Structures are given as structure tokens and as C-alpha cells.
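All remarks here apply to the structure that follows.
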Amino acid sequence: MAICRVDTISIPVSDQNQALQFYRDVLGFEVIRDHADNQQMRWVQLVPKGAETTISLVKPFAGMEAGGVQGLVVQTHDIQLTYQELSGKGVALSEIITMMEGRFATFNDPDGNGWVLIQSTATMLA
């Protein structure tokens, strides 16, 4: 099989403009594409700085609902600093817990899509 990586994860959102503001301005993701063919079809694609896998902010389509994605994991080198920065921007995070040689906190985007912020040790990396 020739599948070699995860390219893009679709994140279903109710309002692409609101979601774009959150992911770009609060989380610091970089916009790599924001293209609309018409009022119904818009492709908004972002990437965390230095990452390969991107996200697309999509209007829900068959089998999706806004806020229906849970457990997406993003990594940081300093969870305490990132936690403080996100909290300062109004993001509600769970408390930081230590488990399986890593430190974790969770948060949601404006639609309720769930993210896990992780600072892991070298032995935890995939």
C-alpha cells in the first residue's frame, strides 16, 4: 500500500469565519488556503507552524455535524507556557495531567470540536 501520511483532517464547523479566527488568531495556525468558488463552497485550510498535516474548516456534510470531532492531538514543547498563552486568549482548558510519560490538557474550539494538548517525552512519540 502506498499511503504515506495523513494530509488533511476535516473539522466540521458551523461558521467558517468564526472558526478561522479561532484557529488563526488564537491557536496560531497558518492559513495556507482560503478559496471560495461561490457562497456555498469554501475551502479553508490551515497548518500548525512547522507541521505537515493540515486541517480544513468545513461546513458539515454527509455524516458530519459541527463539533463532532473529538480527540485531535496537538503537541507542544512547553505545555505550561502554551497553557498560559491559550488561557490568556480566553481558551478554557482542563487542568494539566501527567500520564503515560506525558502531560496533557484538553480544550474545545467554538463549535465543541475537542483537542488534546500534549507535551510528550521522546519515548511517547510515534
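Ordering of the C-alpha cells sets the chain letters (A, B, ...), residue numbers begin anew at 1 in every chain, and ligands are numbered from 1 in the order given.
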
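If you count only C-alpha atoms and ignore residues fewer than 3 places along the chain from A:Ala92, what sits within 12 Å of it is Val26, Tyr83, Gln84, Glu85, Leu86, Ser87, Gly88, Lys89, Glu95, Ile96, Ala105, Thr106, Phe107, Asn108, Asp109, Pro110, Gly112, Gly114 and Trp115 of chain A.
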
May I have the residues from that selection written out with C-alpha atoms, as a PDB file, in the first residue's frame?
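Saved result, result.pdb, follows:
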ATOM      1  CA  VAL A  26      -5.943  32.113  19.000  1.00  0.00           C
ATOM      2  CA  TYR A  83      -1.434  26.603  28.513  1.00  0.00           C
ATOM      3  CA  GLN A  84      -0.851  30.107  29.880  1.00  0.00           C
ATOM      4  CA  GLU A  85      -0.864  31.659  26.386  1.00  0.00           C
ATOM      5  CA  LEU A  86      -4.119  29.944  25.394  1.00  0.00           C
ATOM      6  CA  SER A  87      -5.760  30.738  28.724  1.00  0.00           C
ATOM      7  CA  GLY A  88      -4.754  34.369  28.245  1.00  0.00           C
ATOM      8  CA  LYS A  89      -6.574  34.343  24.903  1.00  0.00           C
ATOM      9  CA  GLU A  95      -6.191  21.081  34.197  1.00  0.00           C
ATOM     10  CA  ILE A  96      -2.848  19.644  33.089  1.00  0.00           C
ATOM     11  CA  ALA A 105      -4.716  19.269  28.784  1.00  0.00           C
ATOM     12  CA  THR A 106      -7.882  19.404  26.697  1.00  0.00           C
ATOM     13  CA  PHE A 107      -9.836  22.238  25.103  1.00  0.00           C
ATOM     14  CA  ASN A 108     -12.597  22.808  22.553  1.00  0.00           C
ATOM     15  CA  ASP A 109     -12.962  25.095  19.567  1.00  0.00           C
ATOM     16  CA  PRO A 110     -16.041  27.391  19.403  1.00  0.00           C
ATOM     17  CA  GLY A 112     -17.067  21.965  20.566  1.00  0.00           C
ATOM     18  CA  GLY A 114     -12.260  18.532  21.075  1.00  0.00           C
ATOM     19  CA  TRP A 115      -8.481  18.879  21.127  1.00  0.00           C
TER      20      TRP A 115
END

Handout entry: DSSP helix (DSSP H, G or I) residues within stretch 1-115 of chain A, listed as a PyMOL selection string
Key = chain A and resi 16-26+79-88

Handout entry: Shell of 9 Å around A:Ile32, only C-alpha atoms, local chain residues under 4 positions omitted, as a PyMOL selection string
Key = chain A and resi 44-47+54

Using only N, CA, C and O atoms, please write the residues we just selected to a file, as a compact mmCIF listing (two decimals), in the first residue's frame.
# COMPACT_ATOMS: atom_id res chain seq x y z
N VAL A 44 -11.13 26.30 3.47
CA VAL A 44 -10.25 27.00 4.39
C VAL A 44 -9.31 25.95 4.97
O VAL A 44 -9.75 25.00 5.63
N GLN A 45 -8.02 26.11 4.70
CA GLN A 45 -7.03 25.13 5.12
C GLN A 45 -5.93 25.83 5.91
O GLN A 45 -5.41 26.87 5.50
N LEU A 46 -5.60 25.24 7.06
CA LEU A 46 -4.59 25.81 7.96
C LEU A 46 -3.61 24.73 8.39
O LEU A 46 -3.92 23.53 8.29
N VAL A 47 -2.48 25.18 8.93
CA VAL A 47 -1.47 24.24 9.41
C VAL A 47 -0.78 24.83 10.64
O VAL A 47 -0.49 26.03 10.67
N THR A 54 -2.42 19.13 7.78
CA THR A 54 -3.21 20.35 7.82
C THR A 54 -4.62 20.04 8.31
O THR A 54 -5.02 18.88 8.40

Exercise for the section: From a DSSP calculation on the backbone, collect every residue of stretch 33-110 of chain A in strand (DSSP E) and output the set as a ChimeraX atom specification. Expected result: /A:33-36,42-47,54-58,72-75,97-99,102-108

Once you have the residues from the selection above, write them out as a PDB file, in the first residue's frame, restricted to N, CA and C atoms.
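The resulting file, again_35.pdb, is shown below:
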ATOM      1  N   ARG A  33      -4.640  28.211   2.632  1.00  0.00           N
ATOM      2  CA  ARG A  33      -5.596  28.350   1.538  1.00  0.00           C
ATOM      3  C   ARG A  33      -6.932  28.822   2.096  1.00  0.00           C
ATOM      4  N   ASP A  34      -7.527  29.798   1.449  1.00  0.00           N
ATOM      5  CA  ASP A  34      -8.879  30.255   1.758  1.00  0.00           C
ATOM      6  C   ASP A  34      -9.496  30.607   0.415  1.00  0.00           C
ATOM      7  N   HIS A  35     -10.217  29.651  -0.137  1.00  0.00           N
ATOM      8  CA  HIS A  35     -10.724  29.790  -1.503  1.00  0.00           C
ATOM      9  C   HIS A  35     -12.224  29.497  -1.533  1.00  0.00           C
ATOM     10  N   ALA A  36     -12.963  30.374  -2.182  1.00  0.00           N
ATOM     11  CA  ALA A  36     -14.399  30.175  -2.338  1.00  0.00           C
ATOM     12  C   ALA A  36     -14.752  30.240  -3.809  1.00  0.00           C
ATOM     13  N   ARG A  42     -16.536  26.779   0.139  1.00  0.00           N
ATOM     14  CA  ARG A  42     -15.336  27.497   0.564  1.00  0.00           C
ATOM     15  C   ARG A  42     -14.368  26.488   1.168  1.00  0.00           C
ATOM     16  N   TRP A  43     -13.110  26.571   0.785  1.00  0.00           N
ATOM     17  CA  TRP A  43     -12.074  25.694   1.309  1.00  0.00           C
ATOM     18  C   TRP A  43     -11.121  26.530   2.149  1.00  0.00           C
ATOM     19  N   VAL A  44     -11.132  26.305   3.466  1.00  0.00           N
ATOM     20  CA  VAL A  44     -10.249  27.000   4.395  1.00  0.00           C
ATOM     21  C   VAL A  44      -9.307  25.948   4.971  1.00  0.00           C
ATOM     22  N   GLN A  45      -8.024  26.114   4.698  1.00  0.00           N
ATOM     23  CA  GLN A  45      -7.026  25.126   5.116  1.00  0.00           C
ATOM     24  C   GLN A  45      -5.925  25.826   5.914  1.00  0.00           C
ATOM     25  N   LEU A  46      -5.601  25.243   7.064  1.00  0.00           N
ATOM     26  CA  LEU A  46      -4.592  25.813   7.956  1.00  0.00           C
ATOM     27  C   LEU A  46      -3.614  24.728   8.394  1.00  0.00           C
ATOM     28  N   VAL A  47      -2.483  25.179   8.930  1.00  0.00           N
ATOM     29  CA  VAL A  47      -1.470  24.244   9.412  1.00  0.00           C
ATOM     30  C   VAL A  47      -0.783  24.835  10.640  1.00  0.00           C
ATOM     31  N   THR A  54      -2.418  19.128   7.778  1.00  0.00           N
ATOM     32  CA  THR A  54      -3.207  20.354   7.818  1.00  0.00           C
ATOM     33  C   THR A  54      -4.621  20.044   8.307  1.00  0.00           C
ATOM     34  N   ILE A  55      -5.364  21.111   8.596  1.00  0.00           N
ATOM     35  CA  ILE A  55      -6.783  20.959   8.885  1.00  0.00           C
ATOM     36  C   ILE A  55      -7.560  21.791   7.873  1.00  0.00           C
ATOM     37  N   SER A  56      -8.764  21.354   7.576  1.00  0.00           N
ATOM     38  CA  SER A  56      -9.668  22.165   6.757  1.00  0.00           C
ATOM     39  C   SER A  56     -10.915  22.420   7.589  1.00  0.00           C
ATOM     40  N   LEU A  57     -11.364  23.659   7.562  1.00  0.00           N
ATOM     41  CA  LEU A  57     -12.570  24.059   8.285  1.00  0.00           C
ATOM     42  C   LEU A  57     -13.724  23.967   7.310  1.00  0.00           C
ATOM     43  N   VAL A  58     -14.552  22.963   7.491  1.00  0.00           N
ATOM     44  CA  VAL A  58     -15.592  22.673   6.506  1.00  0.00           C
ATOM     45  C   VAL A  58     -16.982  22.838   7.101  1.00  0.00           C
ATOM     46  N   LEU A  72      -8.544  15.113  18.826  1.00  0.00           N
ATOM     47  CA  LEU A  72      -7.437  15.504  17.961  1.00  0.00           C
ATOM     48  C   LEU A  72      -6.279  15.963  18.840  1.00  0.00           C
ATOM     49  N   VAL A  73      -5.088  15.519  18.535  1.00  0.00           N
ATOM     50  CA  VAL A  73      -3.935  15.773  19.400  1.00  0.00           C
ATOM     51  C   VAL A  73      -2.968  16.734  18.727  1.00  0.00           C
ATOM     52  N   VAL A  74      -2.592  17.788  19.459  1.00  0.00           N
ATOM     53  CA  VAL A  74      -1.555  18.716  19.021  1.00  0.00           C
ATOM     54  C   VAL A  74      -0.451  18.703  20.077  1.00  0.00           C
ATOM     55  N   GLN A  75       0.755  18.846  19.613  1.00  0.00           N
ATOM     56  CA  GLN A  75       1.903  18.739  20.502  1.00  0.00           C
ATOM     57  C   GLN A  75       2.548  20.096  20.742  1.00  0.00           C
ATOM     58  N   ILE A  97      -2.719  17.248  33.274  1.00  0.00           N
ATOM     59  CA  ILE A  97      -2.484  15.988  33.979  1.00  0.00           C
ATOM     60  C   ILE A  97      -1.239  15.318  33.415  1.00  0.00           C
ATOM     61  N   THR A  98      -0.594  14.524  34.238  1.00  0.00           N
ATOM     62  CA  THR A  98       0.567  13.753  33.807  1.00  0.00           C
ATOM     63  C   THR A  98       0.154  12.292  33.749  1.00  0.00           C
ATOM     64  N   MET A  99       0.445  11.668  32.595  1.00  0.00           N
ATOM     65  CA  MET A  99       0.050  10.278  32.390  1.00  0.00           C
ATOM     66  C   MET A  99       0.877   9.703  31.255  1.00  0.00           C
ATOM     67  N   GLY A 102       3.753  11.663  29.705  1.00  0.00           N
ATOM     68  CA  GLY A 102       3.434  12.911  29.021  1.00  0.00           C
ATOM     69  C   GLY A 102       2.552  13.779  29.895  1.00  0.00           C
ATOM     70  N   ARG A 103       2.372  15.016  29.482  1.00  0.00           N
ATOM     71  CA  ARG A 103       1.491  15.954  30.172  1.00  0.00           C
ATOM     72  C   ARG A 103       0.417  16.389  29.180  1.00  0.00           C
ATOM     73  N   PHE A 104      -0.831  16.433  29.633  1.00  0.00           N
ATOM     74  CA  PHE A 104      -1.965  16.658  28.762  1.00  0.00           C
ATOM     75  C   PHE A 104      -2.913  17.702  29.323  1.00  0.00           C
ATOM     76  N   ALA A 105      -3.574  18.421  28.442  1.00  0.00           N
ATOM     77  CA  ALA A 105      -4.716  19.269  28.784  1.00  0.00           C
ATOM     78  C   ALA A 105      -5.647  19.241  27.573  1.00  0.00           C
ATOM     79  N   THR A 106      -6.925  19.428  27.802  1.00  0.00           N
ATOM     80  CA  THR A 106      -7.882  19.404  26.697  1.00  0.00           C
ATOM     81  C   THR A 106      -8.581  20.759  26.572  1.00  0.00           C
ATOM     82  N   PHE A 107      -9.067  21.019  25.364  1.00  0.00           N
ATOM     83  CA  PHE A 107      -9.836  22.238  25.103  1.00  0.00           C
ATOM     84  C   PHE A 107     -10.719  21.993  23.897  1.00  0.00           C
ATOM     85  N   ASN A 108     -11.678  22.898  23.694  1.00  0.00           N
ATOM     86  CA  ASN A 108     -12.597  22.808  22.553  1.00  0.00           C
ATOM     87  C   ASN A 108     -12.517  24.069  21.714  1.00  0.00           C
TER      88      ASN A 108
END

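Coordinates place atom CA of A:Ser120 at a distance of 6.5 Å from atom CA of A:Glu101.
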
Handout entry: Selected residue, from A:Pro12, A:Gly90, A:Gly67, A:Pro60, that lies nearest to A:Asp25 when counting only C-alpha atoms
Key = A:Gly90

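In this model, the gap between atom CA of A:Pro48 and atom CA of A:Val13 comes to 18.0 Å.
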
Fill in the blank from the handout: Min atom-atom distance to A:Phe22 from the set A:Asp111, A:Leu93, A:Leu117, A:His77, counting only C-alpha atoms, belongs to A:Asp111

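Distance check against A:Met64 using only C-alpha atoms: of A:Cys4, A:Ile79, A:Ile11, A:Gln16, the minimum falls on A:Ile11.
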